[in-house]
Structures are given as structure tokens and as C-alpha cells.
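Engineer: My file is my_file_1.cif. It has mmCIF, C-alpha atoms and all ligand atoms:
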data_model
#
loop_
_atom_site.label_atom_id
_atom_site.label_comp_id
_atom_site.auth_asym_id
_atom_site.auth_seq_id
_atom_site.Cartn_x
_atom_site.Cartn_y
_atom_site.Cartn_z
CA MET D 1 11.22 131.61 151.72
CA LYS D 2 9.73 128.32 150.60
CA GLN D 3 9.43 127.35 146.94
CA THR D 4 5.97 127.56 145.39
CA PRO D 5 4.90 123.92 144.96
CA SER D 6 4.41 122.58 141.46
CA GLN D 7 1.02 121.42 140.19
CA THR D 8 0.14 119.50 137.06
CA VAL D 9 -0.15 121.27 133.71
CA GLY D 10 -3.43 119.32 133.42
CA PRO D 11 -5.31 118.29 130.28
CA TYR D 12 -6.36 121.81 129.20
CA PHE D 13 -3.08 123.68 128.70
CA ALA D 14 -3.32 123.93 124.91
CA TYR D 15 -5.20 127.21 124.44
CA GLY D 16 -2.94 128.95 126.97
CA LEU D 17 0.49 127.52 126.20
CA THR D 18 0.36 126.19 122.62
CA PRO D 19 -2.64 128.07 121.18
CA GLU D 20 -1.60 128.38 117.54
CA GLN D 21 -0.54 124.72 117.26
CA TYR D 22 -4.00 123.71 118.51
CA LEU D 23 -5.76 126.38 116.38
CA TYR D 24 -7.03 128.60 119.18
CA ASP D 25 -7.46 132.32 118.52
CA PHE D 26 -4.58 133.51 120.73
CA LYS D 27 -1.06 134.42 119.69
CA ALA D 28 1.60 131.85 120.65
CA LEU D 29 4.84 133.18 122.12
CA VAL D 30 6.67 129.95 121.36
CA GLY D 31 6.27 127.20 118.78
CA ASN D 32 8.16 124.23 117.42
CA GLU D 33 10.07 126.06 114.69
CA MET D 34 13.12 127.02 116.71
CA VAL D 35 14.72 127.87 113.38
CA SER D 36 12.82 128.29 110.15
CA PRO D 37 13.02 125.14 108.01
CA MET D 38 12.74 127.38 104.93
CA ASP D 39 15.66 129.63 105.82
CA ASP D 40 18.17 127.48 107.62
CA LEU D 41 20.02 124.89 105.57
CA ASN D 42 21.21 123.15 108.75
CA CYS D 43 17.66 122.67 110.00
CA ILE D 44 16.96 119.22 111.43
CA GLN D 45 13.74 117.65 112.63
CA ILE D 46 13.65 116.17 116.13
CA SER D 47 10.68 113.95 116.84
CA GLY D 48 9.39 111.11 118.96
CA GLN D 49 6.41 109.72 120.82
CA VAL D 50 5.70 109.63 124.55
CA PHE D 51 4.50 106.42 126.25
CA ASP D 52 3.01 105.59 129.64
CA GLY D 53 3.69 102.60 131.90
CA GLU D 54 1.42 100.32 129.84
CA GLY D 55 3.13 101.30 126.60
CA LYS D 56 0.17 103.47 125.57
CA LEU D 57 0.80 106.57 123.51
CA ILE D 58 0.37 109.80 125.49
CA PRO D 59 -1.58 112.34 123.39
CA ASP D 60 -1.68 115.16 125.95
CA ALA D 61 1.95 115.76 126.89
CA MET D 62 3.78 119.04 126.28
CA LEU D 63 7.52 119.18 125.66
CA GLU D 64 9.87 122.11 125.87
CA ILE D 65 13.33 122.12 124.36
CA TRP D 66 16.13 124.44 125.40
CA GLN D 67 19.56 124.52 123.82
CA ASN D 68 22.52 126.80 124.47
CA ASP D 69 25.90 126.01 122.97
CA GLY D 70 27.36 129.38 123.89
CA GLU D 71 26.63 130.77 120.42
CA LYS D 72 22.96 130.08 119.79
CA GLN D 73 20.18 129.96 122.35
CA LEU D 74 16.98 128.34 121.10
CA PHE D 75 13.71 127.43 122.79
CA GLY D 76 10.71 125.50 121.53
CA ARG D 77 7.42 124.09 122.81
CA PHE D 78 5.04 121.54 121.34
CA GLY D 79 2.10 119.41 122.50
CA THR D 80 1.60 115.79 121.41
CA GLY D 81 -2.09 116.33 120.60
CA THR D 82 -2.03 117.51 116.98
CA ASP D 83 0.35 115.25 115.03
CA PRO D 84 -1.48 112.30 113.37
CA LYS D 85 0.89 109.92 115.20
CA ASN D 86 0.86 112.02 118.38
CA ARG D 87 4.54 112.76 117.95
CA TYR D 88 6.36 115.75 119.29
CA VAL D 89 8.14 117.51 116.43
CA PHE D 90 10.71 120.32 116.57
CA HIS D 91 12.67 122.06 113.85
CA THR D 92 16.03 123.24 115.08
CA ILE D 93 19.76 123.01 114.46
CA LYS D 94 22.15 120.63 116.14
CA PRO D 95 24.02 122.49 118.90
CA LYS D 96 27.81 122.48 119.11
CA SER D 97 29.87 120.96 121.86
CA VAL D 98 30.42 123.45 124.70
CA ASP D 99 32.60 123.13 127.84
CA GLY D 100 33.63 119.64 126.77
CA GLN D 101 30.06 118.34 126.79
CA ALA D 102 28.62 116.32 123.94
CA PRO D 103 26.03 118.22 121.86
CA HIS D 104 22.66 117.87 123.55
CA LEU D 105 19.23 119.42 124.00
CA SER D 106 17.59 119.96 127.38
CA VAL D 107 14.07 118.56 127.38
CA ILE D 108 11.32 119.39 129.88
CA VAL D 109 8.30 117.09 129.92
CA PHE D 110 4.88 118.15 131.23
CA MET D 111 1.60 116.25 131.26
CA ARG D 112 -1.60 115.48 133.10
CA GLY D 113 -0.61 112.85 135.67
CA GLN D 114 2.64 114.60 136.55
CA LEU D 115 2.37 116.86 139.58
CA ILE D 116 5.85 118.12 138.77
CA HIS D 117 7.63 118.28 135.41
CA SER D 118 10.50 115.98 134.41
CA TYR D 119 13.89 116.98 133.00
CA THR D 120 15.80 114.90 130.51
CA ARG D 121 18.34 115.42 127.70
CA LEU D 122 18.56 114.41 124.09
CA TYR D 123 22.00 113.36 122.81
CA PHE D 124 22.89 112.43 119.21
CA GLU D 125 23.92 108.91 118.12
CA ASP D 126 26.38 110.18 115.51
CA GLU D 127 28.61 111.72 118.21
CA PRO D 128 30.06 108.53 119.73
CA GLY D 129 33.39 110.13 120.62
CA LEU D 130 31.95 113.11 122.48
CA ASN D 131 29.15 111.03 124.00
CA ALA D 132 31.71 108.61 125.46
CA LYS D 133 33.43 111.49 127.27
CA ASP D 134 30.32 113.41 128.34
CA LYS D 135 30.33 113.80 132.13
CA ILE D 136 26.56 113.73 132.55
CA LEU D 137 26.02 110.81 130.19
CA ASN D 138 28.72 108.95 132.12
CA GLN D 139 26.73 109.36 135.32
CA VAL D 140 23.93 107.35 133.73
CA PRO D 141 24.18 103.55 134.15
CA GLU D 142 25.54 102.19 130.88
CA ASP D 143 22.51 100.06 130.08
CA ARG D 144 20.21 103.11 130.29
CA ARG D 145 22.23 105.57 128.19
CA ASN D 146 20.53 104.60 124.96
CA THR D 147 17.21 105.95 126.32
CA ILE D 148 18.48 109.51 125.82
CA ILE D 149 20.54 109.10 122.65
CA ALA D 150 18.46 110.02 119.60
CA LYS D 151 18.67 107.93 116.43
CA LYS D 152 19.56 109.47 113.12
CA THR D 153 16.75 109.69 110.55
CA SER D 154 16.70 110.94 106.97
CA ASN D 155 16.00 114.52 108.08
CA GLY D 156 17.07 114.68 111.71
CA TYR D 157 16.80 112.59 114.84
CA GLN D 158 14.20 110.54 116.66
CA MET D 159 13.87 109.72 120.36
CA ASP D 160 10.85 108.26 122.14
CA ILE D 161 10.16 109.02 125.78
CA HIS D 162 9.00 106.22 128.06
CA MET D 163 7.68 107.44 131.42
CA GLN D 164 7.98 103.94 132.90
CA GLY D 165 8.84 100.35 132.00
CA GLU D 166 11.85 98.46 130.77
CA ASN D 167 13.04 101.35 128.62
CA GLU D 168 12.14 104.10 131.08
CA THR D 169 13.79 107.31 129.93
CA VAL D 170 16.51 108.68 132.16
CA PHE D 171 15.28 111.75 134.02
CA PHE D 172 17.58 114.16 135.83
CA ASP D 173 17.49 116.02 139.11
CA ILE D 174 19.01 119.27 137.83
CA MET V 1 35.82 131.14 138.69
CA SER V 2 32.97 131.70 141.08
CA GLU V 3 30.10 129.40 140.46
CA ILE V 4 26.46 130.06 141.22
CA ILE V 5 24.58 126.91 142.02
CA TYR V 6 20.79 126.91 142.01
CA ASN V 7 18.93 125.06 144.75
CA LYS V 8 17.28 121.75 143.96
CA PHE V 9 13.58 121.08 144.38
CA ASP V 10 12.58 121.29 148.04
CA TRP V 11 10.75 118.02 148.68
CA ASP V 12 9.35 119.38 151.97
CA VAL V 13 6.92 121.37 149.83
CA GLN V 14 7.09 119.89 146.30
CA PRO V 15 4.73 117.04 145.39
CA PRO V 16 6.17 113.56 144.91
CA ARG V 17 6.12 112.04 141.44
CA LEU V 18 3.83 109.19 142.37
CA SER V 19 0.67 110.21 144.20
CA PRO V 20 -1.79 107.29 143.76
CA GLU V 21 -4.87 109.23 144.89
CA TYR V 22 -4.34 111.27 141.72
CA LYS V 23 -4.86 108.25 139.52
CA SER V 24 -3.14 109.27 136.32
CA THR V 25 0.21 109.55 138.16
CA VAL V 26 0.26 105.75 138.47
CA LEU V 27 1.23 105.11 134.83
CA ARG V 28 2.90 108.44 134.15
CA ALA V 29 5.27 109.09 137.08
CA PRO V 30 8.87 108.02 136.44
CA THR V 31 9.72 105.09 138.72
CA LYS V 32 13.51 104.92 138.56
CA PRO V 33 15.63 107.22 140.72
CA LEU V 34 16.48 110.55 139.12
CA ILE V 35 20.13 111.04 138.20
CA LEU V 36 21.59 113.90 140.20
CA THR V 37 23.71 116.13 137.95
CA LYS V 38 25.94 119.16 138.20
CA GLN V 39 24.43 122.28 136.62
CA THR V 40 26.06 123.15 133.28
CA LEU V 41 25.55 126.05 130.87
CA SER V 42 22.35 124.33 129.68
CA GLU V 43 20.78 124.37 133.14
CA LEU V 44 22.13 127.78 134.13
CA SER V 45 20.47 129.58 131.22
CA GLY V 46 16.99 129.68 129.74
CA PRO V 47 14.72 131.51 127.32
CA VAL V 48 14.30 135.28 127.74
CA PHE V 49 11.03 137.02 126.94
CA GLY V 50 10.48 140.77 126.70
CA ASP V 51 7.44 143.04 127.11
CA PHE V 52 7.42 143.36 123.34
CA ASN V 53 6.18 139.79 123.14
CA LEU V 54 2.91 140.67 124.84
CA GLY V 55 -0.29 142.02 123.34
CA PRO V 56 -1.94 145.11 124.92
CA LEU V 57 -4.78 143.05 126.50
CA ASP V 58 -2.81 139.92 127.33
CA HIS V 59 -2.92 140.88 131.03
CA ASP V 60 -6.71 141.31 131.06
CA LEU V 61 -8.60 138.06 130.52
CA SER V 62 -11.86 139.91 131.21
CA LYS V 63 -11.30 141.99 128.06
CA ASN V 64 -8.99 140.09 125.72
CA SER V 65 -11.62 138.05 123.92
CA ILE V 66 -14.72 140.21 123.94
CA VAL V 67 -17.00 139.59 120.96
CA ASN V 68 -20.29 141.26 121.87
CA GLY V 69 -20.22 142.09 125.59
CA GLU V 70 -18.56 141.61 128.96
CA PRO V 71 -17.83 138.04 130.05
CA LEU V 72 -20.15 136.68 132.74
CA GLY V 73 -18.93 136.16 136.28
CA GLU V 74 -17.14 137.93 139.08
CA ARG V 75 -14.36 140.26 137.89
CA ILE V 76 -11.19 139.92 139.97
CA LEU V 77 -7.59 141.04 139.90
CA VAL V 78 -4.69 138.88 140.96
CA HIS V 79 -1.40 140.44 141.96
CA GLY V 80 1.76 139.73 143.90
CA ARG V 81 5.47 139.28 143.46
CA VAL V 82 7.83 136.85 141.82
CA LEU V 83 10.70 136.13 144.21
CA ASN V 84 13.30 133.46 144.75
CA GLU V 85 14.00 131.50 147.92
CA ASN V 86 16.63 134.07 148.86
CA GLY V 87 13.82 136.68 148.97
CA GLN V 88 15.14 138.54 145.94
CA PRO V 89 12.57 139.91 143.49
CA ILE V 90 12.72 138.34 140.03
CA PRO V 91 12.05 140.96 137.37
CA ASN V 92 10.91 140.43 133.76
CA THR V 93 9.53 136.96 134.30
CA LEU V 94 6.89 135.76 131.89
CA ILE V 95 3.74 134.50 133.63
CA GLU V 96 1.37 132.55 131.39
CA ILE V 97 -2.19 132.11 132.62
CA TRP V 98 -5.05 129.78 131.70
CA GLN V 99 -8.30 128.90 133.45
CA ALA V 100 -11.93 127.79 133.21
CA ASN V 101 -14.71 130.37 132.83
CA SER V 102 -17.05 131.37 135.68
CA CYS V 103 -19.16 128.25 135.06
CA GLY V 104 -16.21 125.87 135.30
CA ARG V 105 -15.88 125.23 131.57
CA TYR V 106 -12.66 125.34 129.56
CA VAL V 107 -12.55 126.42 125.94
CA HIS V 108 -10.35 123.35 125.32
CA LYS V 109 -11.95 120.94 122.85
CA VAL V 110 -11.38 117.96 125.16
CA ASP V 111 -13.47 119.54 127.95
CA GLN V 112 -16.92 117.93 127.73
CA HIS V 113 -18.31 119.32 131.00
CA ASP V 114 -21.96 120.23 130.52
CA ALA V 115 -21.62 123.89 131.49
CA PRO V 116 -21.89 126.83 129.09
CA LEU V 117 -19.01 128.35 127.19
CA ASP V 118 -18.87 132.13 127.36
CA PRO V 119 -18.51 133.71 123.90
CA ASN V 120 -16.69 136.64 125.50
CA PHE V 121 -14.16 134.67 127.53
CA LEU V 122 -11.23 132.61 126.31
CA GLY V 123 -9.45 132.12 129.64
CA ALA V 124 -5.88 132.61 128.40
CA GLY V 125 -3.54 135.49 129.16
CA ARG V 126 -0.07 136.48 130.27
CA CYS V 127 1.85 139.21 131.99
CA MET V 128 5.39 139.93 133.13
CA SER V 129 6.84 140.82 136.48
CA ASP V 130 8.15 144.41 136.51
CA ALA V 131 11.59 145.63 137.61
CA ASN V 132 10.65 145.00 141.26
CA GLY V 133 9.18 141.56 140.65
CA ASN V 134 5.56 142.79 140.88
CA TYR V 135 2.85 141.47 138.58
CA LYS V 136 -0.89 142.04 138.17
CA PHE V 137 -3.64 140.82 135.88
CA TYR V 138 -7.43 140.98 135.62
CA THR V 139 -9.73 138.06 135.01
CA ILE V 140 -13.07 136.44 135.88
CA LYS V 141 -13.14 134.16 138.92
CA PRO V 142 -13.06 130.58 137.59
CA GLY V 143 -15.77 128.07 138.56
CA ALA V 144 -15.35 124.56 139.97
CA TYR V 145 -15.66 121.66 137.54
CA PRO V 146 -16.08 117.88 137.75
CA TRP V 147 -13.42 115.43 136.57
CA GLY V 148 -13.13 111.69 136.26
CA ASN V 149 -10.59 110.85 138.94
CA HIS V 150 -13.10 109.26 141.36
CA TYR V 151 -16.79 109.35 142.19
CA ASN V 152 -18.04 112.93 142.58
CA ALA V 153 -14.61 114.45 141.96
CA TRP V 154 -14.66 118.25 141.59
CA ARG V 155 -11.69 120.54 141.12
CA PRO V 156 -11.67 123.55 143.47
CA ASN V 157 -11.63 126.97 141.79
CA HIS V 158 -8.14 127.50 140.42
CA ILE V 159 -6.01 129.40 137.93
CA HIS V 160 -3.16 127.67 136.06
CA PHE V 161 0.22 129.39 135.78
CA SER V 162 3.48 128.82 133.93
CA LEU V 163 6.65 130.77 134.86
CA PHE V 164 10.20 130.83 133.54
CA GLY V 165 12.56 132.71 135.88
CA ALA V 166 16.35 132.90 135.77
CA ASN V 167 17.03 129.60 133.98
CA ILE V 168 15.46 126.22 133.28
CA THR V 169 16.01 125.01 136.86
CA ASN V 170 13.52 127.76 137.81
CA ARG V 171 10.76 126.47 135.55
CA LEU V 172 7.45 126.42 137.43
CA VAL V 173 3.99 125.24 136.39
CA THR V 174 1.44 125.50 139.17
CA GLN V 175 -2.15 126.30 140.15
CA MET V 176 -3.44 129.02 142.47
CA TYR V 177 -6.45 128.38 144.69
CA PHE V 178 -8.86 130.65 146.59
CA PRO V 179 -9.18 131.03 150.36
CA GLY V 180 -11.92 129.08 152.12
CA ASP V 181 -12.73 126.78 149.18
CA PRO V 182 -14.55 123.74 150.65
CA LEU V 183 -13.35 121.53 147.78
CA LEU V 184 -9.65 121.83 148.70
CA GLN V 185 -9.91 119.11 151.36
CA TYR V 186 -11.14 116.62 148.72
CA ASP V 187 -8.82 117.46 145.80
CA PRO V 188 -6.02 114.91 145.18
CA ILE V 189 -4.07 117.36 143.02
CA PHE V 190 -3.95 119.99 145.78
CA LEU V 191 -3.45 117.28 148.44
CA GLY V 192 -0.61 115.81 146.33
CA VAL V 193 1.49 118.62 147.81
CA PRO V 194 2.95 117.82 151.26
CA PRO V 195 1.08 119.55 154.14
CA LYS V 196 3.85 122.14 154.57
CA GLY V 197 3.42 123.34 151.01
CA ARG V 198 -0.35 123.56 150.72
CA ASP V 199 -0.91 127.03 152.17
CA LEU V 200 1.61 128.36 149.65
CA LEU V 201 -0.89 127.58 146.87
CA ILE V 202 -3.82 129.50 148.37
CA SER V 203 -4.16 133.16 147.45
CA LYS V 204 -5.18 135.75 150.06
CA PHE V 205 -8.14 138.06 149.68
CA ASP V 206 -6.74 141.61 149.54
CA MET V 207 -9.16 144.39 150.54
CA ASP V 208 -6.49 147.08 150.14
CA ALA V 209 -5.89 146.23 146.51
CA THR V 210 -9.60 145.72 145.75
CA GLU V 211 -10.74 148.35 143.26
CA GLU V 212 -13.80 150.38 144.23
CA GLY V 213 -16.79 149.47 142.11
CA TYR V 214 -14.69 147.28 139.81
CA ALA V 215 -12.86 144.15 141.00
CA LEU V 216 -12.07 142.11 144.11
CA ALA V 217 -8.34 141.53 144.62
CA TYR V 218 -6.41 138.40 145.52
CA ARG V 219 -2.73 138.31 146.36
CA PHE V 220 -0.42 135.48 145.36
CA ASP V 221 3.39 135.38 145.47
CA PHE V 222 5.50 133.01 143.41
CA VAL V 223 8.75 131.76 144.94
CA LEU V 224 11.21 130.21 142.49
CA ARG V 225 14.33 128.25 143.38
CA GLY V 226 17.08 130.32 144.99
CA ASN V 227 20.84 130.03 144.67
CA ASN V 228 23.99 130.05 146.76
CA ALA V 229 25.06 133.57 145.77
CA THR V 230 25.18 135.94 148.74
CA PRO V 231 22.27 138.33 148.25
CA PHE V 232 24.06 141.51 149.39
CA GLU V 233 27.70 140.84 148.52
CA ASN V 234 28.06 144.09 146.56
CA ILE V 235 26.93 146.39 149.36
FE FE D 301 -7.80 123.19 135.64
#
Could you spell out this file's structure in C-alpha cells?
Structural biologist:
Amino acid sequence: MKQTPSQTVGPYFAYGLTPEQYLYDFKALVGNEMVSPMDDLNCIQISGQVFDGEGKLIPDAMLEIWQNDGEKQLFGRFGTGTDPKNRYVFHTIKPKSVDGQAPHLSVIVFMRGQLIHSYTRLYFEDEPGLNAKDKILNQVPEDRRNTIIAKKTSNGYQMDIHMQGENETVFFDI
Amino acid sequence: MSEIIYNKFDWDVQPPRLSPEYKSTVLRAPTKPLILTKQTLSELSGPVFGDFNLGPLDHDLSKNSIVNGEPLGERILVHGRVLNENGQPIPNTLIEIWQANSCGRYVHKVDQHDAPLDPNFLGAGRCMSDANGNYKFYTIKPGAYPWGNHYNAWRPNHIHFSLFGANITNRLVTQMYFPGDPLLQYDPIFLGVPPKGRDLLISKFDMDATEEGYALAYRFDFVLRGNNATPFENI
């Protein structure tokens, strides 16, 4: 059988996929609090902005984050349309290293203007030892690795996503 | 250790990243080659949703946001199966649904199309495939609507879907169309799919499943990526 072709998420996904974030009257199955910032002392904030090929901020992207370190499986979803700076923001915990890989998050990027979603990863800059040995990171040309290594902030990590341009984010064929 | 490997995207039927007729791909499609990677635990797992997540009317968009009467438009049901490329049914898959109302207007605040909102229709819902991969939901047939891609651009009638499946390699966001829609031949989003894939996005009218005096039925199957595991190895 042939795969069902992908189509764009379009500009109007918010009331179906992220209704509570965008204040629609429909229960959300998923949000951006992958752990509760109130309850979990290890909670970190992951954030960033998404840019197009002219360096313009993209206010209608949707990101999904999946992490599985063998102990904890966490999933989150957030649109870039509600934050005052059009950031994506997630509250989660940093995953552990599993199977010799450096700690990382899987990131799926959807937006109007993409007929098919894009997969990337988010690594952590304060793991230089594990990052240096990570098999997938090592498949990325050295001068592009920094596009998927998040920078440490006061309360978590920050990583922008560039769809095109000099700093185009590395996307994977998984 | 035996290793199950999931198939990659099939570019015979999947749309390319850059599709200039659909103008917003020009500045948003990645331009550098994708990095081909081996599937690890991260790719071979994904979020799991249960029936308990769903509200009692989530599967009925014609009823789930009634304020003072029935929504306007043609009541329909959409049903089919969730399968993988190996032909195996995929049970317990979350299907999220969103669409315009019968006049072609979305509830979304960004939608400025000059067509009426329906106070009794939100246009969002969800359902799950059952143990045999079957799913079914009720809704109102969505209308066509104009968009700014080019002069006189109109989207054909369509319903948006989001599916999970076995793991994150199976993630699917797509749109279902209706048979015989004259706008399909002009729509750069539909035509962004290679010719071999286009028919896979058009539902079939289903007289057998049509409910007497209540709703016309359309059939639509979802096929997610398959894997290299032999389907019947345990028999
Ligand atoms: Fe649409």
C-alpha cells in the first residue's frame, strides 16, 4: 500500500491542535507543560524563535517535542502565535543519555508553507563530552552542528530555528 | 537483537519541500539536503493516547459545539481504516480533525473570509482507531474558501487531519478532499503532491455506509509508514 501523502498544517490549526493555548473553547490533549513547573524541581524552559528565508519571524508555526531516555517519555506541542515575541516555549526536564547518545529532544516542525513536516533535534551545549561522541551529531557537517545545539540560559535552554539561510537548521530524514 | 526499521518517506507520493506554485514554500522550505540518520529509541517511540483522553462528543463535530440549534450545512460521516504500508491495521491511533464550516469559514481569528461563522459549529474534533484500525466521525461538509496565494485562488472542500501512529516516524498531517471537486485541478496544495499520490487524498462516496435519513458517508483510509518486520512471522 502507498503512504498517504502529507499536506500542510495550514494557517488555521490552532483551534484543533492547540486550542487552550490560543483560548478556544475546546479541551487540549497536549500542551507545552511536559512537566509541571510548580512540581518538578528539575524543570527547565526550552524556547526559541522560528525564522524564514528572509530572516522574518514566523508567527504561525507549530512545534512538537518528543523525548524518551528509556525512563521518562514526554511529549509537548506549542504554536508560535501567542508569545509576545512569537517564541516557542516548553517546560520539561533534560533527558538522560541513552544507548550512548547525547541527551537530546526530537523536534517536529509544522507550518503553513510546508507541505510536509520537518524533523530536527535539540542538543544541549553543556554536554560537550557526550555531544562529541554522539553518532547522529557526528553525521552533521561540523560547521552546521551549532544549529541544533541549544544555548544555556538562566532557566533552561534556547535554540532558534532557521528554515533557510546561512544558519539553516539541520533537518533529518528519519 | 532483531531490529525493526521503519520505512522512509516515499517520494513517489509525498510532496517535495519546495513547491513554488504554493508560494509560501519559497521562504519556508529547507534548502539544504536532509541528513539521513539511523533510527534510535527516540524515533522508534512516540506519544501514546488512550480513549480516556477523549470527550464523549469529540467524534461528532455536528454536535460538539451546539449552543442553540443544529449547525447549518450537509451532515456527513467519514470513516475508514488506519493501516501501514504493510497492510496491517493500526489500532488506537489518535486522529485529530479540524475544518471550515459549511460556508467555508474557520473559527480561527486569523480567518478574515467574508462568510458567516456558525454559532453551533466549531469545526474541531478527534477520534481513535479501534482494535481493527477502523475509525468514524460525524461532521458538516466543509465549504470552499478563498486564499491569497494567487488571483482567484480557492481551496477545494477539505478536512484537515493529524495522526500519530506507532512512533514519530509515522507522524502524519494531511487533508482529505471530496470526489469530483472542480477546484482540485487548480489547487497548488493538492497539486503539490506528485500525480501518483493525488488520488490517495480523495475520499470515496460510500452509499453502503450512508445512514438513512441522517448522513451521507465518505470513506477515507490512512496509510502510515510501514516497516521491515515480516507481517505474519508468528503464524
Ligand atoms: Fe484548510
Engineer: For a quick check of understanding, using only C-alpha atoms, which of D:Gln49, D:Gln158, D:Gln164, D:Thr153 has the smallest distance to chain V?
Structural biologist: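 Among the listed residues, the smallest separation from chain V belongs to D:Gln164.
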Engineer: Return as a count of residues only the residues of protein, DNA or RNA that approach ligand FE 301 (chain D) to within 9 Å, with all atoms listed in the file taken into account.
Structural biologist: 20
Engineer: Using all atoms listed in the file, which residues of chain V come within 6 Å of chain D, and what is the closest atom pair for each, with the distance in Å to one decimal? Give it as a tab-separated table, sorted by chain and residue number.
Structural biologist:
residue	atom	partner	partner_atom	distance
V:Val13	CA	D:Pro5	CA	5.9
V:Gln14	CA	D:Pro5	CA	4.8
V:Ser24	CA	D:Gly113	CA	4.4
V:Thr25	CA	D:Gly113	CA	4.2
V:Leu27	CA	D:Gly53	CA	4.6
V:Arg28	CA	D:Asp52	CA	5.3
V:Pro30	CA	D:Met163	CA	5.2
V:Leu34	CA	D:Phe172	CA	5.0
V:Ile35	CA	D:Phe172	CA	4.7
V:Leu36	CA	D:Asp173	CA	4.7
V:Thr37	CA	D:Ile174	CA	5.7
V:Ser42	CA	D:Asn68	CA	5.8
V:Glu85	CA	D:Met1	CA	4.7
V:Trp98	CA	D:Gly16	CA	5.2
V:His108	CA	D:Tyr12	CA	5.8
V:Ala124	CA	D:Gly16	CA	4.9
V:Val173	CA	D:Ser6	CA	5.7
V:Thr174	CA	D:Gln7	CA	4.2
V:Gln175	CA	D:Gln7	CA	5.8
V:Phe222	CA	D:Thr4	CA	5.8
V:Val223	CA	D:Gln3	CA	4.9
V:Leu224	CA	D:Gln3	CA	5.6
Engineer: What is the distance, in Å and to one decimal place, between atom CA of Trp147 of chain V and atom CA of Ser162 of chain V?
Structural biologist: 21.7 Å
Engineer: Please, what distance in Å, to one decimal, runs between atom CA of Lys204 of chain V and atom CA of Arg81 of chain V?
Structural biologist: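 Answer for the atom CA of Lys204 of chain V to atom CA of Arg81 of chain V separation: 13.0 Å.
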Engineer: Can you tell me, as a PyMOL selection string, what residues are no more than 6 Å from Leu63 of chain D when counting all atoms listed in the file, ignoring any on the same chain fewer than 3 positions away?
Structural biologist: chain D and resi 77-78+108-109
Engineer: Measure the distance from atom CA of Asp206 of chain V to atom CA of Tyr218 of chain V in Å and round it to one decimal.
Structural biologist: 5.2 Å
Engineer: Is it possible to get the axis-aligned box enclosing segment 15-20 of chain D (all listed atoms, 6 Å extra per side) as JSON, with centre and edge lengths in Å rounded to one decimal?
Structural biologist:
{"center_x": -2.4, "center_y": 127.6, "center_z": 122.3, "size_x": 17.7, "size_y": 14.8, "size_z": 21.4}
Engineer: For segment 85-96 of chain D, find every residue with an atom within 7 Å (counting only C-alpha atoms), except residues of its own chain fewer than 5 positions away, and show them as a PyMOL selection string.
Structural biologist: chain D and resi 32-35+37+42-49+59+67+69+78-80+103-104
Engineer: Take the residues just selected and output them with C-alpha atoms as a JSON list (two decimals), keeping the file's coordinate frame.
Structural biologist:
[["chain", "number", "residue", "atom", "x", "y", "z"],
["D", 32, "ASN", "CA", 8.16, 124.23, 117.42],
["D", 33, "GLU", "CA", 10.07, 126.06, 114.69],
["D", 34, "MET", "CA", 13.12, 127.02, 116.71],
["D", 35, "VAL", "CA", 14.72, 127.87, 113.38],
["D", 37, "PRO", "CA", 13.02, 125.14, 108.01],
["D", 42, "ASN", "CA", 21.21, 123.15, 108.75],
["D", 43, "CYS", "CA", 17.66, 122.67, 110.00],
["D", 44, "ILE", "CA", 16.96, 119.22, 111.43],
["D", 45, "GLN", "CA", 13.74, 117.65, 112.63],
["D", 46, "ILE", "CA", 13.65, 116.17, 116.13],
["D", 47, "SER", "CA", 10.68, 113.95, 116.84],
["D", 48, "GLY", "CA", 9.39, 111.11, 118.96],
["D", 49, "GLN", "CA", 6.41, 109.72, 120.82],
["D", 59, "PRO", "CA", -1.58, 112.34, 123.39],
["D", 67, "GLN", "CA", 19.56, 124.52, 123.82],
["D", 69, "ASP", "CA", 25.90, 126.01, 122.97],
["D", 78, "PHE", "CA", 5.04, 121.54, 121.34],
["D", 79, "GLY", "CA", 2.10, 119.41, 122.50],
["D", 80, "THR", "CA", 1.60, 115.79, 121.41],
["D", 103, "PRO", "CA", 26.03, 118.22, 121.86],
["D", 104, "HIS", "CA", 22.66, 117.87, 123.55]]
Engineer: What lies within 6 Å of segment 15-22 of chain V using only C-alpha atoms, ignoring chain neighbours under 6 positions off, as a short mmCIF file (atom, residue, chain, number, x, y, z; two decimals) with C-alpha atoms, keeping the file's coordinate frame?
Structural biologist:
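The result, stored in out_21.cif:
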data_model
loop_
_atom_site.label_atom_id
_atom_site.label_comp_id
_atom_site.auth_asym_id
_atom_site.auth_seq_id
_atom_site.Cartn_x
_atom_site.Cartn_y
_atom_site.Cartn_z
CA ALA V 29 5.27 109.09 137.08
CA PRO V 188 -6.02 114.91 145.18
CA GLY V 192 -0.61 115.81 146.33
CA VAL V 193 1.49 118.62 147.81
#
Engineer: Out of V:Phe220, V:Phe164, V:Trp154, V:Tyr138, which residue has the shortest atom-to-atom distance to Val48 of chain V when counting only C-alpha atoms?
Structural biologist: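 Residue with the minimum atom-to-atom distance to Val48 of chain V: V:Phe164.
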